There are 2 protein chains.
Amino acid sequence: MGIKPYLITKSLTPENQETPINFIKGDIVNYKLFYRRNHFSYPNFLTSFYFLPIEGLVRFPKVFSLQEIRVLPSKTVKVILECAGNKRELFNPKVFGEQWGKGAISQGKWKGTPLSALLQYTGLLETAKEIVFEGYDFGERTDTNQQYHFSRSLPLEIALHPDTIIAYEYNDQPIPFKHGYPLRLIVPGWYAMASVKWIKKITVIDHEFTGPFQAIDYVYYPNRDSDIGKIPVTTINLNSTIQKPLNLQVLNTGNHTIEGIAWTGRGKVLKVEISLDGGRTWEAAKIFLSTENYSWVRWIYEWQVTEKGEYMIISKAIDSEGRMQPNEPIWNRKGYGYNAIDKIEVKVE
Amino acid sequence: MGIKPYLITKSLTPENQETPINFIKGDIVNYKLFYRRNHFSYPNFLTSFYFLPIEGLVRFPKVFSLQEIRVLPSKTVKVILECAGNKRELFNPKVFGEQWGKGAISQGKWKGTPLSALLQYTGLLETAKEIVFEGYDFGERTDTNQQYHFSRSLPLEIALHPDTIIAYEYNDQPIPFKHGYPLRLIVPGWYAMASVKWIKKITVIDHEFTGPFQAIDYVYYPNRDSDIGKIPVTTINLNSTIQKPLNLQVLNTGNHTIEGIAWTGRGKVLKVEISLDGGRTWEAAKIFLSTENYSWVRWIYEWQVTEKGEYMIISKAIDSEGRMQPNEPIWNRKGYGYNAIDKIEVKVE
């Protein structure tokens with residue numbers, strides 16, 4: 001009697017479904033449960049006749065075949081991809097847009113060629129400032145009623161980082177089409193809007209890219225009614241999620257293992273603390289530190305509960321530079337980067 | 001590029017997954033998207049050697065084979081099954097337990113033999129008062145730490161109603177195991193805890209049945225800290241759900257079709273009204289009335305929106321006896337029977 005979790009359907013046009021994060025065990029998410037986040041309908045292009053052009057401010061514009069890319073030295077990175085809108089439904093006041101719960105996050109092994117290796121073939125002109133990645137996916141935006149491809153840029157130092165790869169495999173298999181086949185940019189440590197799927201073209205430019213997915217979306221707007229103080233969304237915030245028990249679950253008295261994950265796009269998670277008294281006192285969870293740079297860490301906390309009643313369980317991650325998750329989320333108009341301490345409630349009877 | 005909705009995973013031990021109700025079209029839910037609600041792990045019994053005993057206060061106790069039941073005159077009813085906890089997550093204050101959203105409801109065609117036809121073979125003694133249905137599923141309850149089978153009773157007048165059937169098919173196929181194969185009681189108009197799956201035994205008794213799924217669970221407790229005023233959960237409350245647009249969706253100005261369903265376990269839904277001004281004024285939705293007795297009705301409302309802004313959309317069902325959905329849910333400690341008017345918010349830009 002197979003019992004399995006499914007993707008949690010948020011919308012179908014475009015397809016947005018989240019990972020059932022409470023039921024993910026281990027470090028590698030099977031592609032079937034990898035959250036799907038699309039801006040448009042799936043692109044329609046000839047994957048059997050696929051080439052990747054690199055053009056713009058390069059010395060030698062070049063069109064790479066898949067074969068040329070695959071024979072270059074490869075790199076495999078275990079990477080979290082997290083939608084910048086993960087946990088959006090927890091903001092209060094509510095934020096319009098896709099109501100992601102805690103599952104717009106997944107992790108697995110991406111294999112590909114460092115972008116820097118491809119750029120060694122093309123060279124860069126001295127005026128190069130950003131690199132633009134255009135995906136095959138396109139469609140109309142509701143705000144401007146114009147058609148756009150999904151395009152994002154990276155500053156040079158991120159684009160040239162040895163772990164920024166043009167990936168062709170996920171978990172030792174060709175990338176599933178819904179996740180970017182045949183080539184997907186992987187930018188470890190950044191929210192996943194940066195990891196452009198179905199790469200159509202790479203263009204080197206000498207100015208700041210202002211496509212709508214860079215200059216309108218994926219921007220923190222701290223004010224409801226004005227754009228004052230806006231900041232682009234880049235790296236993944238320090239965060240944690242309690243996977244077990246479930247929110248509002250009913251438990252027996254006795255021993256329970258509280259389990260979860262913690263992650264960050266900058267530095268490393270060093271500690272996770274648990275509070276069972278509303279945040280007054282904290283105790284360290286047992287954390288399974290990793291030697292990998294871009295993956296979540298798992299943590300557990302053995303909870304002995306003898307008294308019946310209602311309990312709040314709070315988790316808080318602390319990173320290698322002493323930063324910790326804030327008590328309250330930093331509200332922003334488009335609902336990005338939620339990373340307040342994670343809270344659930346349970347009843348013990 | 002197949003895009004399909006999935007069951008929404010709530011818990012896996014036992015398996016509780018809800019129907020992605022926003023994405024259900026039409027009147028018949030495919031069994032793959034039929035919500036799964038279990039009290040225990042799936043039962044393990046020899047379905048190839050299955051017999052149904054009817055015993056207790058009958059003149060002639062009898063054990064029916066499946067074959068005997070299948071050759072009797074059959075009845076097919078299009079029936080809503082709705083978990084009494086549907087929409088529990090909307091209660092405020094929050095209620096502990098499975099956090100069902102709006103999808104612990106499904107509908108399809110159940111075919112079987114009226115229970116009354118089986119009881120014609122056994123007869124009933126004059127002292128008969130209730131009929132108890134025991135399922136093969138069993139396990140330990142967290143409150144008493146004792147093992148129970150899932151058992152429920154019906155008063156005679158409900159048990160003998162010609163539409164109360166011992167079903168063996170769902171949508172023209174044998175009932176899927178997860179939904180009660182080989183035999184499931186179907187009690188049209190009652191919340192689905194009454195429609196016992198995997199029927200093991202039917203027993204006629206002369207008193208009020210007090211099993212825990214009758215006397216502890218599936219009881220409305222209006223007070224948080226006492227059992228005063230408790231009432232058993234029986235028939236499905238008048239209700240409606242907006243399927244489209246999605247809550248907190250961003251829309252363009254222009255024409256939008258608001259769509260949904262409305263249903264009740266008593267009488268018929270006659271009208272659905274929509275408010276776009278917070279409940280001050282209401283307009284009739286177009287409703288597709290049905291000649292069937294136990295199925296939901298679909299409704300649509302054509303909305304022309306020219307002004308940008310944030311809107312609340314409210315739906316309210318009204319039944320054949322003038323009852324209407326309440327503005328606020330009737331809070332109860334275990335979170336049953338939520339049936340307040342349905343509300344979503346959208347942003348038009």
# chains A, B, ... in the order shown; residues from 1 in each chain; ligands from 1
$ closest_atom_pairs --of "chain B" --to "chain A" --cutoff "6 Å" --atoms "only C-alpha atoms" --output "Markdown table"
| residue | atom | partner | partner_atom | distance |
| --- | --- | --- | --- | --- |
| B:Pro5 | CA | A:Thr9 | CA | 5.6 |
| B:Ile8 | CA | A:Ile8 | CA | 5.2 |
| B:Thr9 | CA | A:Pro5 | CA | 5.6 |
| B:Phe96 | CA | A:Leu248 | CA | 4.8 |
| B:Gly97 | CA | A:Gln249 | CA | 5.3 |
| B:Thr142 | CA | A:Asn252 | CA | 5.9 |
| B:Leu248 | CA | A:Phe96 | CA | 4.8 |
| B:Gln249 | CA | A:Gly97 | CA | 5.3 |
| B:Val250 | CA | A:Gly97 | CA | 5.9 |
| B:Asn252 | CA | A:Thr142 | CA | 5.9 |
$ residues_around --residues "Gly180 in chain B" --least-positions-apart "2" --cutoff "9 Å" --atoms "only C-alpha atoms" --output "MDAnalysis selection string"
chainID B and resid 135 168 175:178 182:185 196:199
$ select_by_dssp --residues "range 69-222 of chain A" --states "strand (DSSP E or B)" --output "PyMOL selection string"
chain A and resi 75-82+105-114+130-140+147-155+165-170+173-174+184-186+190+199-205+219-220
$ residues_around --residues "Arg70 in chain B" --least-positions-apart "4" --cutoff "12 Å" --atoms "only C-alpha atoms" --output "PyMOL selection string"
chain B and resi 64-66+74-75+111-114+117-118+165-169+174+182-183
$ atom_distance --atom1 "CA of Tyr148 in chain B" --atom2 "CA of Phe40 in chain B"
9.7 Å
$ calpha_fit_and_write --fixed "chain A" --moving "chain B" --output "compact mmCIF listing (two decimals) with C-alpha atoms, in the first residue's frame"
# COMPACT_ATOMS: atom_id res chain seq x y z
CA MET B 1 0.02 -0.01 -0.03
CA GLY B 2 2.27 2.75 -1.31
CA ILE B 3 1.91 5.98 0.58
CA LYS B 4 3.83 8.86 -0.83
CA PRO B 5 3.80 12.62 -0.66
CA TYR B 6 3.10 14.73 -3.72
CA LEU B 7 3.99 18.16 -4.94
CA ILE B 8 1.63 20.71 -3.42
CA THR B 9 -0.27 22.38 -6.24
CA LYS B 10 -0.31 26.17 -6.08
CA SER B 11 -1.24 27.00 -9.67
CA LEU B 12 -1.21 25.26 -13.03
CA THR B 13 -0.96 28.18 -15.51
CA PRO B 14 1.95 28.57 -15.15
CA GLU B 15 2.84 25.46 -13.21
CA ASN B 16 3.81 26.28 -9.66
CA GLN B 17 3.92 23.39 -7.26
CA GLU B 18 5.88 23.17 -4.07
CA THR B 19 7.93 20.44 -2.44
CA PRO B 20 6.20 18.64 0.45
CA ILE B 21 9.10 19.74 2.64
CA ASN B 22 7.79 18.15 5.82
CA PHE B 23 8.13 14.75 4.20
CA ILE B 24 11.56 15.14 2.60
CA LYS B 25 14.19 12.99 4.23
CA GLY B 26 17.89 13.35 3.66
CA ASP B 27 19.83 15.74 1.50
CA ILE B 28 18.75 14.98 -2.01
CA VAL B 29 15.31 15.75 -3.36
CA ASN B 30 14.13 13.40 -6.10
CA TYR B 31 13.23 15.42 -9.18
CA LYS B 32 9.64 14.27 -8.87
CA LEU B 33 9.31 16.23 -5.63
CA PHE B 34 11.50 19.16 -6.69
CA TYR B 35 9.35 22.28 -6.52
CA ARG B 36 8.29 23.69 -9.88
CA ARG B 37 8.27 27.40 -10.28
CA ASN B 38 7.49 28.96 -13.61
CA HIS B 39 6.86 32.48 -14.78
CA PHE B 40 5.36 31.36 -18.08
CA SER B 41 4.15 28.21 -19.77
CA TYR B 42 6.86 25.69 -20.57
CA PRO B 43 8.94 26.75 -23.58
CA ASN B 44 8.71 24.98 -26.85
CA PHE B 45 12.04 24.66 -28.63
CA LEU B 46 14.02 22.02 -30.44
CA THR B 47 16.07 20.42 -27.71
CA SER B 48 17.58 18.06 -30.29
CA PHE B 49 19.04 21.01 -32.16
CA TYR B 50 20.30 22.99 -29.24
CA PHE B 51 23.22 25.40 -29.19
CA LEU B 52 24.31 27.94 -26.63
CA PRO B 53 25.53 31.29 -27.97
CA ILE B 54 27.78 33.53 -25.89
CA GLU B 55 27.88 36.99 -27.35
CA GLY B 56 28.04 40.70 -26.57
CA LEU B 57 31.19 42.17 -25.09
CA VAL B 58 33.44 39.18 -25.72
CA ARG B 59 36.52 38.93 -27.89
CA PHE B 60 35.33 35.86 -29.76
CA PRO B 61 31.60 35.28 -29.82
CA LYS B 62 30.99 31.56 -29.87
CA VAL B 63 28.14 29.12 -30.18
CA PHE B 64 28.68 26.04 -28.03
CA SER B 65 27.17 22.68 -28.78
CA LEU B 66 26.05 20.50 -25.90
CA GLN B 67 28.78 18.08 -26.81
CA GLU B 68 31.45 20.77 -26.53
CA ILE B 69 30.19 21.72 -23.10
CA ARG B 70 29.95 18.16 -21.84
CA VAL B 71 33.55 17.31 -22.67
CA LEU B 72 34.93 20.22 -20.69
CA PRO B 73 36.06 19.59 -17.11
CA SER B 74 32.94 19.34 -14.98
CA LYS B 75 32.03 20.33 -11.49
CA THR B 76 29.31 18.83 -9.30
CA VAL B 77 27.82 20.92 -6.51
CA LYS B 78 25.17 20.00 -3.99
CA VAL B 79 23.07 23.12 -4.04
CA ILE B 80 19.92 24.43 -2.44
CA LEU B 81 17.58 26.10 -4.84
CA GLU B 82 15.08 28.24 -2.99
CA CYS B 83 12.46 30.45 -4.55
CA ALA B 84 12.74 34.01 -3.25
CA GLY B 85 9.03 33.74 -2.46
CA ASN B 86 9.42 30.69 -0.22
CA LYS B 87 7.22 31.07 2.90
CA ARG B 88 5.44 34.04 1.34
CA GLU B 89 2.12 32.87 2.76
CA LEU B 90 3.46 33.54 6.25
CA PHE B 91 3.80 37.29 5.77
CA ASN B 92 1.33 39.41 7.67
CA PRO B 93 -0.09 41.63 6.21
CA LYS B 94 -0.62 39.14 3.40
CA VAL B 95 1.26 39.63 0.16
CA PHE B 96 -0.38 39.00 -3.21
CA GLY B 97 1.15 36.52 -5.60
CA GLU B 98 1.87 32.83 -5.45
CA GLN B 99 1.17 31.69 -1.90
CA TRP B 100 4.21 29.55 -1.30
CA GLY B 101 4.29 27.68 1.97
CA LYS B 102 7.56 26.32 3.34
CA GLY B 103 8.28 24.09 0.36
CA ALA B 104 9.57 26.35 -2.41
CA ILE B 105 12.96 24.88 -1.69
CA SER B 106 14.79 21.76 -2.85
CA GLN B 107 18.29 20.43 -2.98
CA GLY B 108 20.30 18.05 -5.07
CA LYS B 109 23.45 17.51 -7.06
CA TRP B 110 23.95 19.66 -10.13
CA LYS B 111 26.72 18.79 -12.54
CA GLY B 112 27.97 21.10 -15.25
CA THR B 113 30.77 23.23 -16.58
CA PRO B 114 31.84 26.39 -14.80
CA LEU B 115 30.71 29.38 -16.79
CA SER B 116 34.22 30.76 -16.36
CA ALA B 117 35.53 27.81 -18.38
CA LEU B 118 33.26 28.71 -21.28
CA LEU B 119 34.27 32.35 -21.04
CA GLN B 120 37.90 31.35 -21.45
CA TYR B 121 37.02 30.50 -25.04
CA THR B 122 35.26 33.76 -25.72
CA GLY B 123 37.28 36.15 -23.59
CA LEU B 124 35.72 39.27 -22.07
CA LEU B 125 36.17 42.84 -23.21
CA GLU B 126 37.39 45.30 -20.62
CA THR B 127 34.06 47.08 -20.62
CA ALA B 128 32.22 43.92 -19.55
CA LYS B 129 30.15 44.56 -16.44
CA GLU B 130 27.30 42.06 -16.24
CA ILE B 131 26.35 38.83 -17.92
CA VAL B 132 22.76 38.30 -19.01
CA PHE B 133 21.17 34.87 -19.19
CA GLU B 134 18.07 34.56 -21.31
CA GLY B 135 15.79 31.56 -20.97
CA TYR B 136 13.63 30.06 -23.70
CA ASP B 137 10.54 30.68 -21.58
CA PHE B 138 8.57 33.78 -22.41
CA GLY B 139 5.15 35.32 -22.16
CA GLU B 140 3.14 38.36 -21.30
CA ARG B 141 3.43 40.17 -17.99
CA THR B 142 0.20 41.33 -16.38
CA ASP B 143 1.70 44.69 -15.43
CA THR B 144 2.99 45.87 -18.81
CA ASN B 145 1.01 43.64 -21.20
CA GLN B 146 4.23 43.10 -23.12
CA GLN B 147 6.03 39.91 -23.95
CA TYR B 148 9.36 39.10 -22.38
CA HIS B 149 11.69 36.20 -22.14
CA PHE B 150 12.73 35.32 -18.64
CA SER B 151 16.14 36.99 -18.37
CA ARG B 152 18.41 37.74 -15.47
CA SER B 153 21.91 39.11 -15.10
CA LEU B 154 24.81 38.45 -12.76
CA PRO B 155 27.66 40.78 -11.84
CA LEU B 156 30.99 39.53 -13.16
CA GLU B 157 32.38 38.35 -9.85
CA ILE B 158 29.41 36.02 -9.33
CA ALA B 159 29.32 34.89 -12.95
CA LEU B 160 33.03 34.03 -12.87
CA HIS B 161 32.95 32.23 -9.53
CA PRO B 162 34.20 28.67 -10.08
CA ASP B 163 31.00 27.21 -8.58
CA THR B 164 28.70 29.08 -10.96
CA ILE B 165 28.02 26.38 -13.49
CA ILE B 166 26.17 25.73 -16.69
CA ALA B 167 24.54 22.51 -15.50
CA TYR B 168 23.42 19.58 -17.63
CA GLU B 169 22.73 16.94 -14.97
CA TYR B 170 20.62 16.79 -11.86
CA ASN B 171 21.26 13.88 -9.51
CA ASP B 172 23.34 12.05 -12.14
CA GLN B 173 20.66 12.28 -14.83
CA PRO B 174 20.05 14.81 -17.58
CA ILE B 175 18.17 17.73 -16.07
CA PRO B 176 14.42 17.04 -16.28
CA PHE B 177 12.78 19.29 -18.86
CA LYS B 178 10.66 21.05 -16.26
CA HIS B 179 13.82 22.03 -14.43
CA GLY B 180 15.72 23.46 -17.36
CA TYR B 181 16.84 20.79 -19.83
CA PRO B 182 19.23 20.84 -21.57
CA LEU B 183 21.16 23.59 -19.75
CA ARG B 184 20.43 25.47 -16.59
CA LEU B 185 22.53 28.11 -14.93
CA ILE B 186 23.20 27.26 -11.29
CA VAL B 187 24.19 30.12 -9.00
CA PRO B 188 24.93 28.61 -5.59
CA GLY B 189 23.90 30.76 -2.65
CA TRP B 190 21.50 32.97 -4.62
CA TYR B 191 17.76 32.71 -4.62
CA ALA B 192 16.73 30.52 -7.51
CA MET B 193 15.47 33.22 -9.87
CA ALA B 194 19.17 33.61 -10.69
CA SER B 195 19.48 30.01 -11.82
CA VAL B 196 17.95 30.55 -15.25
CA LYS B 197 16.40 27.46 -16.87
CA TRP B 198 16.49 26.48 -20.55
CA ILE B 199 19.32 28.89 -21.31
CA LYS B 200 18.86 30.38 -24.77
CA LYS B 201 21.65 32.89 -24.88
CA ILE B 202 24.36 34.43 -22.75
CA THR B 203 25.19 38.06 -23.42
CA VAL B 204 27.94 40.14 -21.88
CA ILE B 205 26.94 43.79 -21.36
CA ASP B 206 28.60 46.97 -20.07
CA HIS B 207 25.73 48.36 -18.02
CA GLU B 208 23.20 47.39 -15.43
CA PHE B 209 20.62 45.02 -16.83
CA THR B 210 17.08 46.31 -16.38
CA GLY B 211 14.80 43.52 -17.58
CA PRO B 212 11.55 43.28 -15.64
CA PHE B 213 12.59 40.14 -13.74
CA GLN B 214 15.56 42.11 -12.45
CA ALA B 215 14.27 45.64 -12.05
CA ILE B 216 10.58 45.07 -11.21
CA ASP B 217 10.34 41.57 -9.78
CA TYR B 218 12.87 40.13 -7.39
CA VAL B 219 13.29 43.44 -5.69
CA TYR B 220 12.63 44.06 -1.99
CA TYR B 221 10.20 46.97 -1.70
CA PRO B 222 10.00 47.81 1.98
CA ASN B 223 7.09 50.21 1.49
CA ARG B 224 3.57 49.29 0.53
CA ASP B 225 2.90 52.37 -1.58
CA SER B 226 6.23 53.58 -2.86
CA ASP B 227 9.44 52.18 -4.31
CA ILE B 228 11.63 54.05 -1.85
CA GLY B 229 14.34 51.92 -0.34
CA LYS B 230 14.20 49.13 -2.88
CA ILE B 231 17.01 46.57 -2.96
CA PRO B 232 17.55 43.75 -5.44
CA VAL B 233 17.05 40.19 -4.21
CA THR B 234 20.33 38.26 -4.39
CA THR B 235 21.64 35.77 -1.83
CA ILE B 236 19.58 33.33 0.21
CA ASN B 237 18.77 34.50 3.73
CA LEU B 238 19.68 32.50 6.82
CA ASN B 239 16.69 30.30 7.53
CA SER B 240 15.35 27.17 9.20
CA THR B 241 12.27 24.98 8.88
CA ILE B 242 10.80 22.53 11.35
CA GLN B 243 9.81 19.44 9.40
CA LYS B 244 8.55 17.33 12.25
CA PRO B 245 6.20 17.44 14.11
CA LEU B 246 3.62 19.02 11.85
CA ASN B 247 2.06 22.34 12.73
CA LEU B 248 -1.00 21.88 14.95
CA GLN B 249 -0.35 18.17 15.32
CA VAL B 250 -1.70 16.32 18.34
CA LEU B 251 0.94 14.28 20.18
CA ASN B 252 1.14 11.99 23.16
CA THR B 253 3.23 12.75 26.21
CA GLY B 254 6.62 11.07 25.96
CA ASN B 255 9.67 11.45 23.77
CA HIS B 256 9.51 13.19 20.43
CA THR B 257 12.25 14.03 17.98
CA ILE B 258 11.88 17.51 16.57
CA GLU B 259 13.54 17.58 13.15
CA GLY B 260 14.33 20.14 10.55
CA ILE B 261 16.72 21.83 8.19
CA ALA B 262 18.64 25.11 8.27
CA TRP B 263 20.40 26.92 5.48
CA THR B 264 21.94 30.14 4.24
CA GLY B 265 23.38 31.58 1.06
CA ARG B 266 26.22 33.41 2.81
CA GLY B 267 28.69 31.74 5.12
CA LYS B 268 27.57 28.63 6.97
CA VAL B 269 24.94 27.62 9.43
CA LEU B 270 26.78 26.83 12.64
CA LYS B 271 24.04 26.41 15.19
CA VAL B 272 20.32 25.84 15.47
CA GLU B 273 18.53 26.65 18.69
CA ILE B 274 15.11 25.53 19.83
CA SER B 275 12.76 27.29 22.18
CA LEU B 276 9.80 25.67 23.88
CA ASP B 277 8.77 28.68 25.96
CA GLY B 278 7.92 31.24 23.37
CA GLY B 279 11.48 32.39 22.82
CA ARG B 280 12.52 33.16 26.40
CA THR B 281 15.07 30.36 26.62
CA TRP B 282 16.87 28.48 23.90
CA GLU B 283 18.65 25.16 23.71
CA ALA B 284 21.00 23.92 21.06
CA ALA B 285 19.68 21.35 18.63
CA LYS B 286 22.03 18.60 17.52
CA ILE B 287 23.24 19.71 14.14
CA PHE B 288 24.76 17.57 11.41
CA LEU B 289 27.32 19.96 9.98
CA SER B 290 28.34 19.46 6.42
CA THR B 291 31.59 20.01 4.62
CA GLU B 292 29.67 21.15 1.60
CA ASN B 293 29.27 24.82 0.99
CA TYR B 294 25.80 25.23 -0.43
CA SER B 295 23.61 22.61 1.16
CA TRP B 296 21.23 22.67 4.06
CA VAL B 297 22.13 21.13 7.37
CA ARG B 298 19.82 18.78 9.20
CA TRP B 299 19.18 19.12 12.91
CA ILE B 300 17.26 17.25 15.55
CA TYR B 301 16.18 18.01 19.08
CA GLU B 302 15.07 15.29 21.47
CA TRP B 303 12.05 16.57 23.33
CA GLN B 304 10.75 14.88 26.43
CA VAL B 305 7.32 16.15 27.23
CA THR B 306 5.56 14.96 30.35
CA GLU B 307 2.92 17.66 30.79
CA LYS B 308 -0.17 17.78 28.66
CA GLY B 309 -0.93 21.09 27.10
CA GLU B 310 -0.31 23.29 24.10
CA TYR B 311 3.27 24.08 23.11
CA MET B 312 4.93 26.36 20.64
CA ILE B 313 8.14 25.05 19.09
CA ILE B 314 10.51 27.64 17.60
CA SER B 315 13.69 27.07 15.63
CA LYS B 316 16.40 29.66 15.02
CA ALA B 317 19.49 29.27 12.87
CA ILE B 318 22.74 31.08 13.61
CA ASP B 319 25.49 31.43 11.04
CA SER B 320 29.28 31.51 11.06
CA GLU B 321 29.30 35.28 11.39
CA GLY B 322 26.96 35.39 14.35
CA ARG B 323 23.92 36.44 12.37
CA MET B 324 20.65 34.87 13.45
CA GLN B 325 17.16 34.58 12.08
CA PRO B 326 15.04 37.58 13.10
CA ASN B 327 12.03 37.14 15.37
CA GLU B 328 9.79 38.82 12.84
CA PRO B 329 9.98 38.68 9.05
CA ILE B 330 11.05 41.77 7.16
CA TRP B 331 7.86 42.61 5.34
CA ASN B 332 8.21 43.72 1.74
CA ARG B 333 5.58 44.39 -0.87
CA LYS B 334 6.33 41.44 -3.12
CA GLY B 335 6.96 39.03 -0.30
CA TYR B 336 10.54 37.91 -0.82
CA GLY B 337 13.15 36.51 1.48
CA TYR B 338 10.97 35.47 4.44
CA ASN B 339 13.35 34.22 7.08
CA ALA B 340 11.87 34.78 10.51
CA ILE B 341 12.40 32.10 13.15
CA ASP B 342 10.19 29.10 12.35
CA LYS B 343 7.25 28.45 14.67
CA ILE B 344 4.78 25.65 14.98
CA GLU B 345 2.26 24.71 17.65
CA VAL B 346 1.40 21.26 18.93
CA LYS B 347 -1.00 19.89 21.48
CA VAL B 348 0.11 17.17 23.85
CA GLU B 349 -2.64 15.00 25.29
